[in-house]
>>> print(open('model-v8.cif').read())   # mmCIF, C-alpha atoms
data_target
#
loop_
_atom_site.label_atom_id
_atom_site.label_comp_id
_atom_site.auth_asym_id
_atom_site.auth_seq_id
_atom_site.Cartn_x
_atom_site.Cartn_y
_atom_site.Cartn_z
CA MET A 1 84.75 -5.32 -51.42
CA ALA A 2 82.22 -6.44 -54.03
CA VAL A 3 78.99 -4.62 -54.83
CA LEU A 4 75.95 -6.06 -56.57
CA VAL A 5 73.82 -3.59 -58.51
CA VAL A 6 70.29 -4.92 -58.91
CA GLY A 7 68.47 -3.51 -61.93
CA ALA A 8 71.57 -2.36 -63.77
CA SER A 9 69.56 -1.91 -66.97
CA GLY A 10 67.81 1.16 -65.57
CA ALA A 11 69.14 4.70 -65.93
CA ILE A 12 70.03 5.00 -62.25
CA GLY A 13 71.38 1.47 -61.93
CA GLY A 14 73.53 1.95 -65.01
CA ALA A 15 74.91 5.21 -63.63
CA VAL A 16 75.65 3.50 -60.30
CA VAL A 17 77.61 0.80 -62.13
CA ALA A 18 79.61 3.44 -64.01
CA GLY A 19 80.35 5.36 -60.82
CA LEU A 20 81.54 2.27 -58.99
CA ILE A 21 83.81 1.29 -61.87
CA GLU A 22 85.36 4.76 -61.79
CA ARG A 23 86.22 4.16 -58.13
CA GLY A 24 87.81 0.80 -58.88
CA VAL A 25 85.13 -1.25 -57.12
CA ASP A 26 84.49 -4.91 -57.97
CA VAL A 27 81.03 -4.58 -59.53
CA ARG A 28 78.44 -7.21 -60.32
CA ALA A 29 75.12 -6.57 -62.02
CA SER A 30 71.86 -8.48 -62.10
CA SER A 31 68.85 -8.28 -64.36
CA ARG A 32 65.86 -10.40 -65.30
CA THR A 33 67.13 -10.11 -68.88
CA PRO A 34 70.93 -9.88 -68.67
CA ALA A 35 71.31 -10.26 -72.43
CA LYS A 36 69.96 -6.73 -72.79
CA LEU A 37 72.73 -5.26 -70.64
CA SER A 38 75.66 -3.54 -72.30
CA LEU A 39 78.33 -3.22 -69.65
CA PRO A 40 82.14 -3.25 -69.53
CA GLU A 41 83.75 -6.69 -69.52
CA SER A 42 84.96 -6.11 -65.96
CA VAL A 43 81.36 -6.29 -64.70
CA ARG A 44 80.11 -9.81 -63.98
CA VAL A 45 76.48 -10.11 -65.04
CA PHE A 46 73.93 -12.48 -63.51
CA ALA A 47 70.35 -13.42 -64.34
CA ALA A 48 68.18 -12.91 -61.27
CA ASP A 49 64.54 -12.12 -60.51
CA LEU A 50 63.56 -9.96 -57.55
CA ASN A 51 60.59 -12.20 -56.81
CA GLU A 52 62.73 -15.36 -56.81
CA PRO A 53 65.31 -14.93 -54.02
CA ALA A 54 67.04 -18.21 -54.83
CA SER A 55 67.97 -16.84 -58.25
CA PHE A 56 70.43 -14.44 -56.56
CA ALA A 57 72.61 -17.19 -55.03
CA ALA A 58 75.46 -16.97 -57.54
CA ALA A 59 75.34 -13.18 -57.82
CA LEU A 60 75.69 -12.77 -54.04
CA GLU A 61 78.79 -14.90 -53.52
CA GLY A 62 81.40 -12.68 -51.89
CA VAL A 63 79.17 -9.58 -52.05
CA ASP A 64 78.93 -7.34 -48.98
CA ARG A 65 76.95 -4.40 -50.40
CA VAL A 66 73.88 -4.26 -52.63
CA PHE A 67 72.17 -1.48 -54.53
CA LEU A 68 68.47 -2.33 -54.69
CA TYR A 69 65.36 -0.71 -56.11
CA ALA A 70 61.97 -1.18 -54.50
CA ASP A 71 59.99 -2.83 -57.28
CA LEU A 72 59.21 -6.15 -55.61
CA GLU A 73 56.16 -7.77 -54.14
CA HIS A 74 57.64 -9.78 -51.26
CA PRO A 75 60.74 -8.02 -49.95
CA ASP A 76 61.21 -10.04 -46.74
CA ALA A 77 62.35 -13.21 -48.49
CA LEU A 78 64.77 -11.39 -50.78
CA VAL A 79 66.29 -9.32 -47.99
CA ALA A 80 66.66 -12.46 -45.87
CA ALA A 81 68.55 -14.07 -48.75
CA PHE A 82 70.88 -11.06 -48.88
CA VAL A 83 71.63 -11.26 -45.17
CA ALA A 84 72.14 -15.03 -45.25
CA ALA A 85 74.65 -14.58 -48.09
CA GLY A 86 76.71 -12.12 -46.02
CA VAL A 87 75.47 -8.78 -47.35
CA ARG A 88 76.05 -6.19 -44.64
CA HIS A 89 74.82 -2.96 -46.26
CA VAL A 90 71.81 -2.39 -48.54
CA VAL A 91 71.42 0.91 -50.39
CA LEU A 92 67.79 1.18 -51.41
CA LEU A 93 66.34 3.38 -54.13
CA SER A 94 63.18 4.36 -52.26
CA SER A 95 60.99 7.45 -52.70
CA SER A 96 60.15 10.70 -50.94
CA SER A 97 56.53 9.50 -51.05
CA VAL A 98 57.22 7.53 -47.85
CA THR A 99 57.52 10.85 -45.98
CA PHE A 100 54.07 12.14 -46.99
CA PRO A 101 51.02 11.99 -44.69
CA GLY A 102 49.04 8.82 -45.34
CA ALA A 103 51.99 7.12 -47.04
CA ALA A 104 51.01 3.71 -45.67
CA GLU A 105 47.66 3.90 -47.50
CA ASP A 106 49.03 5.46 -50.69
CA PHE A 107 49.82 3.14 -53.62
CA ASN A 108 53.25 4.65 -54.19
CA GLY A 109 54.22 5.29 -50.58
CA SER A 110 53.09 1.91 -49.28
CA ARG A 111 55.14 -0.17 -51.70
CA PHE A 112 58.34 1.69 -50.82
CA LEU A 113 57.60 1.58 -47.09
CA ARG A 114 57.14 -2.19 -47.32
CA VAL A 115 60.68 -2.63 -48.65
CA GLU A 116 62.23 -0.13 -46.23
CA ARG A 117 60.68 -1.95 -43.28
CA ALA A 118 61.88 -5.34 -44.50
CA ILE A 119 65.44 -4.04 -44.66
CA GLU A 120 65.25 -2.30 -41.26
CA GLU A 121 63.93 -5.46 -39.62
CA SER A 122 66.59 -7.66 -41.25
CA GLY A 123 69.38 -6.25 -39.12
CA ALA A 124 71.47 -5.25 -42.15
CA ALA A 125 72.94 -1.76 -42.33
CA TYR A 126 71.04 0.42 -44.74
CA THR A 127 70.86 3.71 -46.60
CA PHE A 128 67.49 4.74 -48.02
CA LEU A 129 67.65 7.17 -50.93
CA ARG A 130 64.34 9.03 -51.13
CA PRO A 131 64.19 11.02 -54.37
CA GLY A 132 61.21 13.10 -55.40
CA GLY A 133 59.89 13.14 -58.96
CA PHE A 134 62.49 12.26 -61.57
CA ALA A 135 63.42 14.75 -64.27
CA SER A 136 63.42 11.72 -66.57
CA ASN A 137 59.62 11.53 -66.29
CA ALA A 138 59.69 14.18 -69.02
CA ALA A 139 60.90 11.48 -71.39
CA ARG A 140 57.23 10.45 -71.66
CA TRP A 141 56.74 13.60 -73.72
CA SER A 142 59.43 12.78 -76.26
CA TRP A 143 57.15 11.40 -78.97
CA SER A 144 54.78 14.38 -78.93
CA VAL A 145 57.64 16.89 -78.83
CA GLN A 146 59.32 15.20 -81.80
CA ARG A 147 56.17 14.85 -83.88
CA GLU A 148 54.04 17.82 -82.91
CA SER A 149 56.19 20.22 -80.85
CA ALA A 150 53.45 19.90 -78.25
CA VAL A 151 52.79 18.17 -74.93
CA PRO A 152 49.24 17.22 -73.86
CA LEU A 153 48.66 17.74 -70.13
CA PRO A 154 45.64 17.97 -67.82
CA TYR A 155 47.36 20.04 -65.11
CA PRO A 156 50.16 22.11 -66.67
CA GLU A 157 50.45 24.28 -63.55
CA ALA A 158 51.35 21.30 -61.34
CA VAL A 159 54.53 22.13 -59.45
CA GLN A 160 57.46 19.74 -59.11
CA VAL A 161 61.12 19.80 -58.05
CA PRO A 162 62.49 17.30 -60.60
CA VAL A 163 65.72 15.50 -59.69
CA HIS A 164 68.36 14.39 -62.19
CA GLU A 165 69.00 10.64 -62.04
CA GLN A 166 72.75 11.25 -61.99
CA ASP A 167 72.36 13.04 -58.65
CA ILE A 168 70.69 9.95 -57.23
CA ALA A 169 73.41 7.71 -58.63
CA ASP A 170 76.16 9.92 -57.19
CA VAL A 171 74.74 9.61 -53.68
CA ALA A 172 74.24 5.86 -54.16
CA VAL A 173 77.90 5.45 -55.11
CA LEU A 174 78.96 7.47 -52.07
CA ALA A 175 76.86 5.22 -49.84
CA LEU A 176 78.14 2.02 -51.44
CA THR A 177 81.81 2.92 -51.13
CA GLY A 178 81.94 3.83 -47.45
CA ASP A 179 80.10 3.83 -44.16
CA ALA A 180 79.34 7.55 -43.87
CA LEU A 181 75.72 7.19 -44.99
CA ILE A 182 74.77 4.10 -43.01
CA GLY A 183 71.41 4.73 -41.34
CA GLU A 184 70.73 7.87 -43.39
CA LYS A 185 67.55 8.49 -45.38
CA PRO A 186 68.30 11.52 -47.57
CA VAL A 187 65.45 13.09 -49.51
CA LEU A 188 66.77 14.17 -52.90
CA THR A 189 65.25 16.83 -55.13
CA GLY A 190 66.35 19.14 -57.88
CA PRO A 191 67.40 22.72 -57.14
CA GLU A 192 64.22 24.53 -58.24
CA ARG A 193 60.43 24.35 -58.37
CA LEU A 194 59.03 24.14 -61.87
CA THR A 195 55.52 23.76 -63.20
CA LEU A 196 54.98 21.19 -65.91
CA ARG A 197 54.47 24.10 -68.29
CA GLN A 198 57.87 25.53 -67.36
CA GLN A 199 59.44 22.13 -67.96
CA VAL A 200 57.88 22.03 -71.42
CA ASP A 201 59.18 25.55 -72.09
CA THR A 202 62.65 24.45 -71.01
CA ILE A 203 62.61 21.59 -73.49
CA GLY A 204 61.66 24.03 -76.24
CA ALA A 205 64.46 26.40 -75.27
CA VAL A 206 67.04 23.61 -75.36
CA ILE A 207 65.98 22.13 -78.70
CA GLY A 208 65.60 25.57 -80.25
CA ARG A 209 61.95 25.56 -81.22
CA PRO A 210 58.73 26.41 -79.34
CA VAL A 211 56.92 23.53 -77.65
CA VAL A 212 53.36 24.25 -76.57
CA VAL A 213 51.08 22.68 -73.97
CA ILE A 214 47.78 21.24 -75.15
CA GLU A 215 45.46 21.25 -72.14
CA GLN A 216 43.45 18.08 -71.60
CA THR A 217 40.74 16.91 -69.28
CA GLU A 218 41.59 14.18 -66.78
CA ALA A 219 39.59 11.70 -68.84
CA GLU A 220 41.50 12.58 -72.02
CA SER A 221 44.84 12.32 -70.25
CA THR A 222 43.92 9.01 -68.64
CA ALA A 223 42.89 7.55 -71.99
CA LEU A 224 46.14 8.66 -73.60
CA LEU A 225 48.45 7.48 -70.81
CA SER A 226 46.66 4.14 -70.55
CA GLN A 227 47.98 3.24 -73.99
CA TYR A 228 51.52 3.14 -72.59
CA VAL A 229 51.36 2.86 -68.78
CA PRO A 230 49.56 0.33 -66.52
CA GLU A 231 46.26 1.65 -65.15
CA VAL A 232 47.42 1.77 -61.53
CA TRP A 233 50.29 4.04 -62.56
CA VAL A 234 48.03 6.24 -64.67
CA ARG A 235 45.83 6.90 -61.64
CA GLN A 236 48.89 7.74 -59.55
CA ILE A 237 50.39 10.08 -62.16
CA VAL A 238 47.18 12.03 -62.69
CA LYS A 239 46.53 12.20 -58.93
CA ASP A 240 50.02 13.53 -58.31
CA TRP A 241 49.59 16.21 -60.98
CA ARG A 242 46.19 17.26 -59.64
CA GLU A 243 47.44 17.59 -56.08
CA ALA A 244 50.57 19.50 -57.16
CA VAL A 245 48.70 22.47 -58.67
CA GLY A 246 49.60 25.51 -56.59
CA ALA A 247 51.82 23.45 -54.30
CA THR A 248 55.17 24.56 -52.89
CA PRO A 249 57.13 21.31 -52.56
CA ALA A 250 60.23 21.42 -50.42
CA ILE A 251 63.62 21.83 -52.05
CA SER A 252 66.14 19.50 -50.47
CA HIS A 253 69.77 20.50 -50.11
CA GLU A 254 70.88 16.98 -49.27
CA TYR A 255 72.82 16.48 -52.48
CA GLU A 256 74.85 19.61 -51.83
CA ARG A 257 75.43 18.57 -48.21
CA LEU A 258 76.59 15.10 -49.15
CA MET A 259 78.43 15.75 -52.40
CA GLY A 260 79.70 19.29 -51.87
CA ALA A 261 78.28 20.48 -55.20
CA PRO A 262 74.97 21.94 -56.41
CA SER A 263 72.31 19.51 -57.57
CA ARG A 264 71.74 19.35 -61.32
CA SER A 265 68.94 21.41 -62.86
CA PHE A 266 66.08 20.20 -65.02
CA ARG A 267 67.64 22.10 -67.91
CA THR A 268 70.83 20.10 -67.42
CA TRP A 269 68.80 16.89 -67.63
CA VAL A 270 67.22 18.05 -70.90
CA GLU A 271 70.63 18.98 -72.31
CA ASP A 272 71.99 15.57 -71.30
CA ASN A 273 69.06 13.85 -73.05
CA VAL A 274 68.34 16.24 -75.90
CA HIS A 275 68.35 13.37 -78.41
CA LEU A 276 64.99 12.27 -76.97
CA PHE A 277 63.24 15.41 -78.17
CA ARG A 278 64.83 16.27 -81.53
#
>>> encode(input="model-v8.cif", output="structure tokens")
Amino acid sequence: MAVLVVGASGAIGGAVVAGLIERGVDVRASSRTPAKLSLPESVRVFAADLNEPASFAAALEGVDRVFLYADLEHPDALVAAFVAAGVRHVVLLSSSSVTFPGAAEDFNGSRFLRVERAIEESGAAYTFLRPGGFASNAARWSWSVQRESAVPLPYPEAVQVPVHEQDIADVAVLALTGDALIGEKPVLTGPERLTLRQQVDTIGAVIGRPVVVIEQTEAESTALLSQYVPEVWVRQIVKDWREAVGATPAISHEYERLMGAPSRSFRTWVEDNVHLFR
């Protein structure tokens, strides 16, 4: 069995590659910029672009399973290329946003739904991983924590259930190395609800110095984020924060059900990535 990991340069894709290697799987990796990948010599690396299905021809030879993320404009052509090459199981990194009311009209939900539907209609077996907000989103705060021991936020009481990327990768590896998760669509979250303020406090506790929240208006936050993030994403981020104030998002126990172990906490993510904040 050979597995192609698309987007191996990302944190989750990289962790999936590592997990597959540990299980002795024949792993291939693709990236738009393969020269930037730093992977073991056993991993064959291919240049391929999600929006150019023909570019995957060499990478797909002999591959029967693919790990895919949903950042593509025209999924039907790519998925068709997978099926034509003999891929029988696609494990998709989707999003819990597809389960929300109005997902088809939402910027985030609609783009993930589009890819899920393309895979379902292709006839290939599938597993859709639907994580909530990533704990790694806190990495956006690294510069202000390092320089000012502060994090500017418009809605510090927004509530999230941040999920560690390693949890997502663990479930992806499980799906890619057997048939037990075919047809499943697990929603993955962390083990606890935390406000953004509590996440900031956790970072301070781990690095050993207080980190404060500087409250902003939406306009101030939008102006700041727009320096680093495309406008469409800025609108989505701020919207998500606004709507999460006072919310009680569901805590999924899917990781524990599937892996037989507790999901990793936000504090664990900070400890694993403490270098970002010191």
>>> residues_around(input="model-v8.cif", residues="Ile203 in chain A", least_positions_apart="5", cutoff="12 Å", atoms="only C-alpha atoms", output="ChimeraX atom specification")
/A:135,138-139,141-142,144-146,149-151,196-198,208-213,266-278
>>> resolve_selection(input="model-v8.cif", expression="the PyMOL selection byres ((chain A and resi 54) around 12)", output="MDAnalysis selection string")
chainID A and resid 47:53 55:60 77:82 84:85
>>> write_last_selection(input="model-v8.cif", atoms="C-alpha atoms", output="PDB file, in the coordinates of the input")
ATOM      1  CA  ALA A  47      70.350 -13.420 -64.340  1.00  0.00           C
ATOM      2  CA  ALA A  48      68.180 -12.910 -61.270  1.00  0.00           C
ATOM      3  CA  ASP A  49      64.540 -12.120 -60.510  1.00  0.00           C
ATOM      4  CA  LEU A  50      63.560  -9.960 -57.550  1.00  0.00           C
ATOM      5  CA  ASN A  51      60.590 -12.200 -56.810  1.00  0.00           C
ATOM      6  CA  GLU A  52      62.730 -15.360 -56.810  1.00  0.00           C
ATOM      7  CA  PRO A  53      65.310 -14.930 -54.020  1.00  0.00           C
ATOM      8  CA  SER A  55      67.970 -16.840 -58.250  1.00  0.00           C
ATOM      9  CA  PHE A  56      70.430 -14.440 -56.560  1.00  0.00           C
ATOM     10  CA  ALA A  57      72.610 -17.190 -55.030  1.00  0.00           C
ATOM     11  CA  ALA A  58      75.460 -16.970 -57.540  1.00  0.00           C
ATOM     12  CA  ALA A  59      75.340 -13.180 -57.820  1.00  0.00           C
ATOM     13  CA  LEU A  60      75.690 -12.770 -54.040  1.00  0.00           C
ATOM     14  CA  ALA A  77      62.350 -13.210 -48.490  1.00  0.00           C
ATOM     15  CA  LEU A  78      64.770 -11.390 -50.780  1.00  0.00           C
ATOM     16  CA  VAL A  79      66.290  -9.320 -47.990  1.00  0.00           C
ATOM     17  CA  ALA A  80      66.660 -12.460 -45.870  1.00  0.00           C
ATOM     18  CA  ALA A  81      68.550 -14.070 -48.750  1.00  0.00           C
ATOM     19  CA  PHE A  82      70.880 -11.060 -48.880  1.00  0.00           C
ATOM     20  CA  ALA A  84      72.140 -15.030 -45.250  1.00  0.00           C
ATOM     21  CA  ALA A  85      74.650 -14.580 -48.090  1.00  0.00           C
TER      22      ALA A  85
END
>>> resolve_selection(input="model-v8.cif", expression="the PyMOL selection byres ((chain A and resi 13-19) around 10)", output="VMD selection string")
chain A and resid 3 to 12 20 to 30 37 to 40 43 67 to 69 93 165 to 174 176
>>> resolve_selection(input="model-v8.cif", expression="the PyMOL selection byres ((chain A and resi 236-246) around 12)", output="PyMOL selection string")
chain A and resi 97+106-109+132-133+137+140+153-161+193-197+216-226+229-235+247-250
>>> residues_near_point(input="model-v8.cif", point="(64.3, -6.5, -49.5)", cutoff="6 Å", atoms="only C-alpha atoms", output="ChimeraX atom specification")
/A:75-76,78-79,115,118-119
>>> axis_aligned_box(input="model-v8.cif", around="range 17-24 of chain A", padding_each_side="6 Å", output="JSON")
{"center_x": 82.7, "center_y": 3.1, "center_z": -61.1, "size_x": 22.2, "size_y": 16.6, "size_z": 17.9}
>>> atom_distance(input="model-v8.cif", atom1="CA of His89 in chain A", atom2="CA of Ile182 in chain A")
7.8 Å
>>> atom_distance(input="model-v8.cif", atom1="CA of Ser122 in chain A", atom2="CA of Val83 in chain A")
7.3 Å
>>> residues_around(input="model-v8.cif", residues="Thr189 in chain A", least_positions_apart="6", cutoff="8 Å", atoms="all atoms listed in the file", output="JSON, numbers by chain")
{"A": [131, 132, 133, 161, 162, 163, 251, 252, 253, 263]}
>>> atom_distance(input="model-v8.cif", atom1="CA of Ala2 in chain A", atom2="CA of Gly178 in chain A")
12.2 Å
>>> decode(input="model-v8.cif", residues="range 51-115 of chain A", atoms="C-alpha atoms", output="mmCIF file, in the first residue's frame")
data_model
loop_
_atom_site.group_PDB
_atom_site.id
_atom_site.type_symbol
_atom_site.label_atom_id
_atom_site.label_comp_id
_atom_site.auth_asym_id
_atom_site.auth_seq_id
_atom_site.Cartn_x
_atom_site.Cartn_y
_atom_site.Cartn_z
ATOM 1 C CA ASN A 51 -5.509 23.334 -9.225
ATOM 2 C CA GLU A 52 -3.622 21.429 -11.943
ATOM 3 C CA PRO A 53 -4.793 17.795 -11.723
ATOM 4 C CA ALA A 54 -2.407 16.641 -14.445
ATOM 5 C CA SER A 55 0.530 17.635 -12.237
ATOM 6 C CA PHE A 56 -0.309 14.709 -9.907
ATOM 7 C CA ALA A 57 0.213 11.990 -12.551
ATOM 8 C CA ALA A 58 3.636 10.842 -11.357
ATOM 9 C CA ALA A 59 2.800 11.167 -7.664
ATOM 10 C CA LEU A 60 -0.284 8.944 -8.025
ATOM 11 C CA GLU A 61 1.367 5.966 -9.716
ATOM 12 C CA GLY A 62 0.702 2.947 -7.514
ATOM 13 C CA VAL A 63 -1.083 5.010 -4.839
ATOM 14 C CA ASP A 64 -4.342 3.703 -3.386
ATOM 15 C CA ARG A 65 -4.910 6.193 -0.552
ATOM 16 C CA VAL A 66 -4.594 9.981 -0.411
ATOM 17 C CA PHE A 67 -4.593 12.483 2.408
ATOM 18 C CA LEU A 68 -6.036 15.723 1.049
ATOM 19 C CA TYR A 69 -6.808 19.158 2.438
ATOM 20 C CA ALA A 70 -9.675 21.237 1.107
ATOM 21 C CA ASP A 71 -7.895 24.317 -0.184
ATOM 22 C CA LEU A 72 -8.780 24.050 -3.867
ATOM 23 C CA GLU A 73 -11.068 25.878 -6.225
ATOM 24 C CA HIS A 74 -12.205 23.086 -8.554
ATOM 25 C CA PRO A 75 -12.241 19.791 -6.663
ATOM 26 C CA ASP A 76 -14.144 17.699 -9.229
ATOM 27 C CA ALA A 77 -11.290 17.541 -11.728
ATOM 28 C CA LEU A 78 -8.692 16.683 -9.100
ATOM 29 C CA VAL A 79 -10.818 13.993 -7.475
ATOM 30 C CA ALA A 80 -11.565 12.516 -10.899
ATOM 31 C CA ALA A 81 -7.818 12.328 -11.538
ATOM 32 C CA PHE A 82 -7.373 10.470 -8.247
ATOM 33 C CA VAL A 83 -10.036 7.918 -9.124
ATOM 34 C CA ALA A 84 -8.719 7.438 -12.660
ATOM 35 C CA ALA A 85 -5.251 6.747 -11.219
ATOM 36 C CA GLY A 86 -6.621 3.978 -8.981
ATOM 37 C CA VAL A 87 -7.010 5.802 -5.663
ATOM 38 C CA ARG A 88 -9.666 3.976 -3.666
ATOM 39 C CA HIS A 89 -9.776 5.940 -0.390
ATOM 40 C CA VAL A 90 -9.502 9.705 0.183
ATOM 41 C CA VAL A 91 -9.030 11.063 3.701
ATOM 42 C CA LEU A 92 -10.025 14.705 3.617
ATOM 43 C CA LEU A 93 -9.065 17.397 6.106
ATOM 44 C CA SER A 94 -12.415 19.177 6.149
ATOM 45 C CA SER A 95 -13.939 21.357 8.882
ATOM 46 C CA SER A 96 -16.677 21.248 11.505
ATOM 47 C CA SER A 97 -18.035 24.386 9.808
ATOM 48 C CA VAL A 98 -19.837 22.108 7.331
ATOM 49 C CA THR A 99 -22.128 20.969 10.167
ATOM 50 C CA PHE A 100 -23.321 24.478 11.095
ATOM 51 C CA PRO A 101 -26.679 25.911 9.981
ATOM 52 C CA GLY A 102 -26.267 27.875 6.758
ATOM 53 C CA ALA A 103 -22.959 26.172 5.942
ATOM 54 C CA ALA A 104 -23.677 26.230 2.209
ATOM 55 C CA GLU A 105 -23.837 30.045 2.268
ATOM 56 C CA ASP A 106 -20.934 30.542 4.673
ATOM 57 C CA PHE A 107 -17.499 31.314 3.196
ATOM 58 C CA ASN A 108 -15.749 28.697 5.299
ATOM 59 C CA GLY A 109 -18.439 26.030 5.289
ATOM 60 C CA SER A 110 -19.178 26.257 1.580
ATOM 61 C CA ARG A 111 -15.609 25.686 0.417
ATOM 62 C CA PHE A 112 -15.276 22.528 2.515
ATOM 63 C CA LEU A 113 -18.706 21.248 1.487
ATOM 64 C CA ARG A 114 -17.734 21.675 -2.164
ATOM 65 C CA VAL A 115 -14.781 19.310 -1.759
#
